[in-house]
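File shown here: upload.pdb, holding PDB, C-alpha atoms, pLDDT in the B column.
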MODEL        1
ATOM      1  CA  MET A   1      -6.338  24.991  38.949  1.00 58.00           C
ATOM      2  CA  LEU A   2      -6.913  21.271  38.299  1.00 57.00           C
ATOM      3  CA  LYS A   3      -3.559  20.996  36.485  1.00 59.00           C
ATOM      4  CA  THR A   4      -1.829  22.552  39.480  1.00 65.00           C
ATOM      5  CA  GLN A   5      -3.449  20.060  41.866  1.00 62.00           C
ATOM      6  CA  ILE A   6      -2.495  17.137  39.663  1.00 60.00           C
ATOM      7  CA  SER A   7       1.032  18.472  39.374  1.00 62.00           C
ATOM      8  CA  LEU A   8       1.321  18.824  43.153  1.00 61.00           C
ATOM      9  CA  CYS A   9       0.012  15.274  43.685  1.00 54.00           C
ATOM     10  CA  MET A  10       2.440  13.838  41.148  1.00 58.00           C
ATOM     11  CA  SER A  11       5.294  15.770  42.723  1.00 58.00           C
ATOM     12  CA  PHE A  12       4.400  14.418  46.165  1.00 54.00           C
ATOM     13  CA  ILE A  13       4.143  10.834  44.857  1.00 54.00           C
ATOM     14  CA  LEU A  14       7.486  11.050  43.074  1.00 54.00           C
ATOM     15  CA  ARG A  15       9.233  12.412  46.174  1.00 57.00           C
ATOM     16  CA  HIS A  16       7.773   9.952  48.688  1.00 54.00           C
ATOM     17  CA  ILE A  17       7.429   6.678  46.833  1.00 55.00           C
ATOM     18  CA  THR A  18      10.579   4.881  45.849  1.00 56.00           C
ATOM     19  CA  PRO A  19      10.452   2.755  42.716  1.00 56.00           C
ATOM     20  CA  PRO A  20      10.950  -0.996  43.136  1.00 55.00           C
ATOM     21  CA  SER A  21      14.429  -2.360  42.646  1.00 61.00           C
ATOM     22  CA  GLU A  22      15.414  -4.007  39.371  1.00 67.00           C
ATOM     23  CA  LYS A  23      15.618  -7.309  41.216  1.00 65.00           C
ATOM     24  CA  LYS A  24      12.011  -6.998  42.415  1.00 58.00           C
ATOM     25  CA  ILE A  25      10.772  -5.979  38.952  1.00 56.00           C
ATOM     26  CA  SER A  26      12.573  -8.948  37.421  1.00 61.00           C
ATOM     27  CA  LYS A  27      11.058 -11.351  39.982  1.00 60.00           C
ATOM     28  CA  LEU A  28       7.523  -9.998  39.466  1.00 54.00           C
ATOM     29  CA  SER A  29       7.755 -10.198  35.684  1.00 57.00           C
ATOM     30  CA  GLN A  30       9.072 -13.769  35.958  1.00 61.00           C
ATOM     31  CA  ILE A  31       6.066 -14.745  38.102  1.00 54.00           C
ATOM     32  CA  ALA A  32       3.702 -13.108  35.595  1.00 51.00           C
ATOM     33  CA  ARG A  33       5.310 -15.019  32.686  1.00 54.00           C
ATOM     34  CA  ILE A  34       5.045 -18.332  34.560  1.00 51.00           C
ATOM     35  CA  ARG A  35       1.368 -17.748  35.388  1.00 49.00           C
ATOM     36  CA  HIS A  36       0.572 -16.728  31.806  1.00 44.00           C
ATOM     37  CA  LYS A  37       2.386 -19.766  30.417  1.00 51.00           C
ATOM     38  CA  PHE A  38       0.609 -22.094  32.868  1.00 49.00           C
ATOM     39  CA  PHE A  39      -2.920 -20.843  32.190  1.00 47.00           C
ATOM     40  CA  SER A  40      -2.542 -20.423  28.426  1.00 46.00           C
ATOM     41  CA  ARG A  41      -1.060 -23.928  28.172  1.00 49.00           C
ATOM     42  CA  SER A  42      -4.059 -25.365  30.042  1.00 49.00           C
ATOM     43  CA  LEU A  43      -6.509 -23.548  27.804  1.00 51.00           C
ATOM     44  CA  SER A  44      -4.733 -24.601  24.638  1.00 79.00           C
ATOM     45  CA  SER A  45      -4.646 -28.196  25.931  1.00 86.00           C
ATOM     46  CA  VAL A  46      -8.444 -28.214  26.070  1.00 89.00           C
ATOM     47  CA  GLU A  47      -8.588 -26.801  22.552  1.00 90.00           C
ATOM     48  CA  LEU A  48      -6.080 -29.376  21.320  1.00 91.00           C
ATOM     49  CA  GLY A  49      -8.075 -32.170  22.952  1.00 92.00           C
ATOM     50  CA  ARG A  50     -11.244 -30.923  21.225  1.00 92.00           C
ATOM     51  CA  LYS A  51      -9.453 -30.966  17.867  1.00 91.00           C
ATOM     52  CA  LYS A  52      -8.328 -34.558  18.471  1.00 92.00           C
ATOM     53  CA  ILE A  53     -11.955 -35.523  19.168  1.00 93.00           C
ATOM     54  CA  GLU A  54     -13.038 -33.832  15.926  1.00 92.00           C
ATOM     55  CA  LYS A  55     -10.466 -35.951  14.075  1.00 93.00           C
ATOM     56  CA  GLY A  56     -11.678 -39.138  15.768  1.00 95.00           C
ATOM     57  CA  GLN A  57      -8.453 -39.512  17.783  1.00 94.00           C
ATOM     58  CA  TYR A  58     -10.242 -40.240  21.055  1.00 94.00           C
ATOM     59  CA  THR A  59      -7.416 -41.951  22.961  1.00 95.00           C
ATOM     60  CA  GLN A  60      -5.043 -39.090  22.150  1.00 94.00           C
ATOM     61  CA  ALA A  61      -7.713 -36.588  23.213  1.00 94.00           C
ATOM     62  CA  LEU A  62      -8.184 -38.468  26.474  1.00 95.00           C
ATOM     63  CA  ASN A  63      -4.443 -38.290  27.192  1.00 94.00           C
ATOM     64  CA  ILE A  64      -4.397 -34.548  26.503  1.00 93.00           C
ATOM     65  CA  PHE A  65      -7.362 -33.903  28.809  1.00 93.00           C
ATOM     66  CA  GLU A  66      -5.768 -36.005  31.564  1.00 95.00           C
ATOM     67  CA  GLU A  67      -2.516 -34.030  31.313  1.00 92.00           C
ATOM     68  CA  CYS A  68      -4.490 -30.799  31.531  1.00 91.00           C
ATOM     69  CA  ILE A  69      -6.325 -32.078  34.614  1.00 93.00           C
ATOM     70  CA  GLU A  70      -2.996 -32.984  36.246  1.00 92.00           C
ATOM     71  CA  ARG A  71      -1.849 -29.389  35.779  1.00 87.00           C
ATOM     72  CA  GLN A  72      -5.138 -27.672  36.494  1.00 84.00           C
ATOM     73  CA  GLY A  73      -7.597 -30.030  38.174  1.00 82.00           C
ATOM     74  CA  LYS A  74     -10.337 -27.424  38.512  1.00 91.00           C
ATOM     75  CA  ASN A  75     -10.711 -26.915  34.761  1.00 92.00           C
ATOM     76  CA  SER A  76     -14.298 -28.054  34.158  1.00 93.00           C
ATOM     77  CA  TRP A  77     -13.809 -28.078  30.385  1.00 94.00           C
ATOM     78  CA  ALA A  78     -10.900 -30.505  30.676  1.00 94.00           C
ATOM     79  CA  TRP A  79     -13.140 -32.826  32.710  1.00 96.00           C
ATOM     80  CA  HIS A  80     -15.939 -32.376  30.176  1.00 94.00           C
ATOM     81  CA  GLY A  81     -13.561 -33.183  27.315  1.00 95.00           C
ATOM     82  CA  LYS A  82     -12.423 -36.279  29.177  1.00 96.00           C
ATOM     83  CA  GLY A  83     -16.075 -37.320  29.459  1.00 97.00           C
ATOM     84  CA  ASP A  84     -16.588 -36.735  25.731  1.00 95.00           C
ATOM     85  CA  ALA A  85     -13.534 -38.827  24.849  1.00 96.00           C
ATOM     86  CA  TYR A  86     -14.715 -41.666  27.083  1.00 96.00           C
ATOM     87  CA  GLN A  87     -18.184 -41.534  25.501  1.00 95.00           C
ATOM     88  CA  PHE A  88     -16.739 -41.809  22.000  1.00 94.00           C
ATOM     89  CA  LEU A  89     -14.709 -44.779  23.227  1.00 95.00           C
ATOM     90  CA  GLY A  90     -17.923 -46.364  24.540  1.00 95.00           C
ATOM     91  CA  GLN A  91     -16.764 -46.153  28.164  1.00 96.00           C
ATOM     92  CA  TYR A  92     -19.907 -44.589  29.592  1.00 96.00           C
ATOM     93  CA  LYS A  93     -19.164 -45.300  33.270  1.00 97.00           C
ATOM     94  CA  ASN A  94     -15.837 -43.446  33.007  1.00 97.00           C
ATOM     95  CA  ALA A  95     -17.581 -40.682  31.063  1.00 97.00           C
ATOM     96  CA  GLU A  96     -20.127 -40.366  33.871  1.00 97.00           C
ATOM     97  CA  LYS A  97     -17.346 -39.910  36.448  1.00 98.00           C
ATOM     98  CA  ALA A  98     -15.682 -37.209  34.353  1.00 97.00           C
ATOM     99  CA  TYR A  99     -18.933 -35.313  33.753  1.00 97.00           C
ATOM    100  CA  ARG A 100     -19.795 -35.511  37.455  1.00 97.00           C
ATOM    101  CA  MET A 101     -16.468 -33.826  38.228  1.00 97.00           C
ATOM    102  CA  ALA A 102     -17.216 -31.139  35.629  1.00 95.00           C
ATOM    103  CA  THR A 103     -20.635 -30.504  37.210  1.00 96.00           C
ATOM    104  CA  LYS A 104     -19.072 -30.239  40.684  1.00 97.00           C
ATOM    105  CA  ILE A 105     -16.571 -27.651  39.453  1.00 95.00           C
ATOM    106  CA  ALA A 106     -19.065 -25.660  37.360  1.00 94.00           C
ATOM    107  CA  PRO A 107     -22.622 -26.572  38.386  1.00 94.00           C
ATOM    108  CA  ASP A 108     -24.179 -23.811  36.266  1.00 92.00           C
ATOM    109  CA  HIS A 109     -22.805 -25.069  32.924  1.00 91.00           C
ATOM    110  CA  ALA A 110     -25.666 -26.845  31.166  1.00 91.00           C
ATOM    111  CA  LEU A 111     -23.359 -28.667  28.728  1.00 91.00           C
ATOM    112  CA  HIS A 112     -21.710 -30.550  31.597  1.00 92.00           C
ATOM    113  CA  TRP A 113     -25.115 -31.752  32.777  1.00 93.00           C
ATOM    114  CA  GLY A 114     -26.066 -32.680  29.201  1.00 93.00           C
ATOM    115  CA  GLY A 115     -22.912 -34.763  28.868  1.00 94.00           C
ATOM    116  CA  LEU A 116     -23.764 -36.502  32.137  1.00 95.00           C
ATOM    117  CA  ALA A 117     -27.291 -37.244  30.870  1.00 94.00           C
ATOM    118  CA  ASN A 118     -25.847 -38.806  27.701  1.00 93.00           C
ATOM    119  CA  ALA A 119     -23.381 -40.931  29.673  1.00 95.00           C
ATOM    120  CA  LEU A 120     -26.165 -42.177  31.938  1.00 95.00           C
ATOM    121  CA  PHE A 121     -28.360 -42.988  28.945  1.00 93.00           C
ATOM    122  CA  GLY A 122     -25.464 -44.888  27.375  1.00 94.00           C
ATOM    123  CA  GLN A 123     -25.394 -47.095  30.482  1.00 95.00           C
ATOM    124  CA  GLY A 124     -29.119 -47.812  30.212  1.00 95.00           C
ATOM    125  CA  LYS A 125     -29.993 -45.511  33.131  1.00 95.00           C
ATOM    126  CA  SER A 126     -32.716 -43.750  31.158  1.00 92.00           C
ATOM    127  CA  GLU A 127     -34.806 -42.636  34.158  1.00 94.00           C
ATOM    128  CA  GLU A 128     -31.862 -40.903  35.860  1.00 96.00           C
ATOM    129  CA  ALA A 129     -30.683 -39.553  32.490  1.00 93.00           C
ATOM    130  CA  THR A 130     -34.090 -37.969  31.863  1.00 92.00           C
ATOM    131  CA  LYS A 131     -34.043 -36.279  35.301  1.00 94.00           C
ATOM    132  CA  ILE A 132     -30.575 -34.878  34.606  1.00 94.00           C
ATOM    133  CA  TRP A 133     -31.671 -33.760  31.139  1.00 92.00           C
ATOM    134  CA  ASN A 134     -34.614 -31.881  32.646  1.00 91.00           C
ATOM    135  CA  LYS A 135     -32.133 -30.052  34.895  1.00 91.00           C
ATOM    136  CA  THR A 136     -30.027 -29.300  31.820  1.00 90.00           C
ATOM    137  CA  LYS A 137     -33.017 -27.788  30.004  1.00 89.00           C
ATOM    138  CA  LYS A 138     -33.731 -25.513  32.979  1.00 90.00           C
ATOM    139  CA  LEU A 139     -30.159 -24.213  32.799  1.00 89.00           C
ATOM    140  CA  ASP A 140     -30.233 -23.752  29.011  1.00 88.00           C
ATOM    141  CA  PRO A 141     -33.571 -24.220  27.197  1.00 87.00           C
ATOM    142  CA  SER A 142     -31.853 -23.901  23.791  1.00 86.00           C
ATOM    143  CA  LEU A 143     -30.031 -27.240  24.104  1.00 80.00           C
ATOM    144  CA  VAL A 144     -31.314 -30.222  22.150  1.00 78.00           C
ATOM    145  CA  TRP A 145     -30.831 -33.723  23.541  1.00 71.00           C
ATOM    146  CA  MET A 146     -29.397 -36.096  20.976  1.00 61.00           C
ATOM    147  CA  ARG A 147     -30.876 -39.137  22.695  1.00 57.00           C
ATOM    148  CA  PRO A 148     -34.432 -40.378  22.067  1.00 52.00           C
ATOM    149  CA  ASN A 149     -36.923 -39.528  24.808  1.00 49.00           C
TER     150      ASN A 149
ENDMDL
END
Would you mind writing the structure in this file as structure tokens?
Amino acid sequence: MLKTQISLCMSFILRHITPPSEKKISKLSQIARIRHKFFSRSLSSVELGRKKIEKGQYTQALNIFEECIERQGKNSWAWHGKGDAYQFLGQYKNAEKAYRMATKIAPDHALHWGGLANALFGQGKSEEATKIWNKTKKLDPSLVWMRPN
């Protein structure tokens, strides 16, 4: 009985729905390839930037994160990476700006707030840094602050 109903439904669908043209299929698959290429390139840019930081190549990492932000400005991890690169370069004010952007894009990511706390501490703003760190700990109690309290 169920097989008959399924067969009737399939028969109806095949008779009344025309398949898309080859041109439309080609256009849709082209759009899908472009989107995949765009998003995977942005993700791999963040990963590449992280690897440059691990190797101590902070200026190169900064350039990679900036290119990623140009392509995909709402990528909080690209902004976070930019903040990390600036911190390693000792440019704490620029790091603060980058982390603030990351926290605006993804306010629930504790690591972004932790980066901001570190950048503030690096500028001597220890009172504000401590407040931000307390917010970070509420978001993720497992994080350990690398700055002295």
### Query
Could you spell out the hits of the PyMOL selection byres ((chain A and resi 80-84) around 8) on the shown file, as a PyMOL selection string?
chain A and resi 46+49-50+61-62+65-66+76-79+85-88+94-99+102+112+115
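Between Ile132 of chain A and the candidates A:Gln72, A:Gln60, A:Val144, A:Leu116, the tightest atom-to-atom separation, counting all atoms listed in the file, involves A:Leu116.
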### Task
Return as a VMD selection string the set of residues that the PyMOL selection byres ((chain A and resi 114) around 12) yields on the displayed structure.
chain A and resid 80 83 to 84 95 to 96 99 to 100 102 to 103 107 to 113 115 to 121 129 to 147
### Task
Kindly indicate which residue among A:Leu89, A:Ala106, A:Met101, A:Leu48 lies nearest to Cys68 of chain A, using only C-alpha atoms for the distances.
A:Leu48
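Across the model, the gap from atom CA of Gly124 of chain A to atom CA of Ile64 of chain A is 28.3 Å.
Between atom CA of Ile53 of chain A and atom CA of Asn75 of chain A the separation is 17.9 Å.
Interatomic distance, atom CA of Gln57 of chain A to atom CA of Gly90 of chain A: 13.5 Å.
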Starting from 5 Å padding per side, set up an axis-aligned box that covers all listed atoms of segment 128-133 of chain A and hand over centre and edge lengths in Å, one decimal, as lines of an AutoDock Vina configuration file.
center_x = -32.3
center_y = -37.3
center_z = 33.5
size_x = 13.5
size_y = 17.1
size_z = 14.7
Quick test: take segment 49-70 of chain A, keep N, CA and C atoms, and write it as a compact mmCIF listing (two decimals), in the first residue's frame.
# COMPACT_ATOMS: atom_id res chain seq x y z
N GLY A 49 47.13 33.17 8.66
CA GLY A 49 47.57 34.25 9.54
C GLY A 49 48.01 33.73 10.90
N ARG A 50 47.26 32.75 11.44
CA ARG A 50 47.63 32.16 12.73
C ARG A 50 48.99 31.47 12.63
N LYS A 51 49.22 30.78 11.53
CA LYS A 51 50.51 30.09 11.35
C LYS A 51 51.66 31.10 11.27
N LYS A 52 51.42 32.24 10.62
CA LYS A 52 52.45 33.27 10.55
C LYS A 52 52.77 33.82 11.94
N ILE A 53 51.73 33.97 12.77
CA ILE A 53 51.96 34.42 14.15
C ILE A 53 52.79 33.39 14.90
N GLU A 54 52.46 32.11 14.74
CA GLU A 54 53.23 31.05 15.41
C GLU A 54 54.70 31.08 15.02
N LYS A 55 54.98 31.49 13.78
CA LYS A 55 56.36 31.56 13.30
C LYS A 55 57.04 32.89 13.65
N GLY A 56 56.30 33.79 14.29
CA GLY A 56 56.86 35.09 14.64
C GLY A 56 56.86 36.08 13.50
N GLN A 57 56.12 35.80 12.44
CA GLN A 57 56.04 36.68 11.27
C GLN A 57 54.80 37.57 11.40
N TYR A 58 54.88 38.51 12.35
CA TYR A 58 53.71 39.29 12.74
C TYR A 58 53.23 40.26 11.67
N THR A 59 54.15 40.91 10.96
CA THR A 59 53.74 41.85 9.91
C THR A 59 53.06 41.10 8.78
N GLN A 60 53.59 39.94 8.40
CA GLN A 60 52.95 39.14 7.36
C GLN A 60 51.57 38.67 7.81
N ALA A 61 51.47 38.27 9.07
CA ALA A 61 50.17 37.84 9.61
C ALA A 61 49.17 38.99 9.54
N LEU A 62 49.63 40.17 9.93
CA LEU A 62 48.76 41.35 9.91
C LEU A 62 48.24 41.61 8.50
N ASN A 63 49.10 41.51 7.50
CA ASN A 63 48.68 41.71 6.11
C ASN A 63 47.64 40.67 5.69
N ILE A 64 47.83 39.43 6.10
CA ILE A 64 46.89 38.37 5.75
C ILE A 64 45.53 38.63 6.39
N PHE A 65 45.53 39.01 7.68
CA PHE A 65 44.26 39.29 8.35
C PHE A 65 43.55 40.49 7.71
N GLU A 66 44.30 41.50 7.33
CA GLU A 66 43.70 42.68 6.68
C GLU A 66 43.07 42.32 5.34
N GLU A 67 43.74 41.47 4.56
CA GLU A 67 43.16 41.02 3.29
C GLU A 67 41.87 40.24 3.52
N CYS A 68 41.87 39.41 4.54
CA CYS A 68 40.68 38.63 4.88
C CYS A 68 39.53 39.56 5.28
N ILE A 69 39.84 40.59 6.04
CA ILE A 69 38.83 41.55 6.47
C ILE A 69 38.28 42.32 5.28
N GLU A 70 39.13 42.64 4.31
CA GLU A 70 38.65 43.31 3.10
C GLU A 70 37.63 42.46 2.36
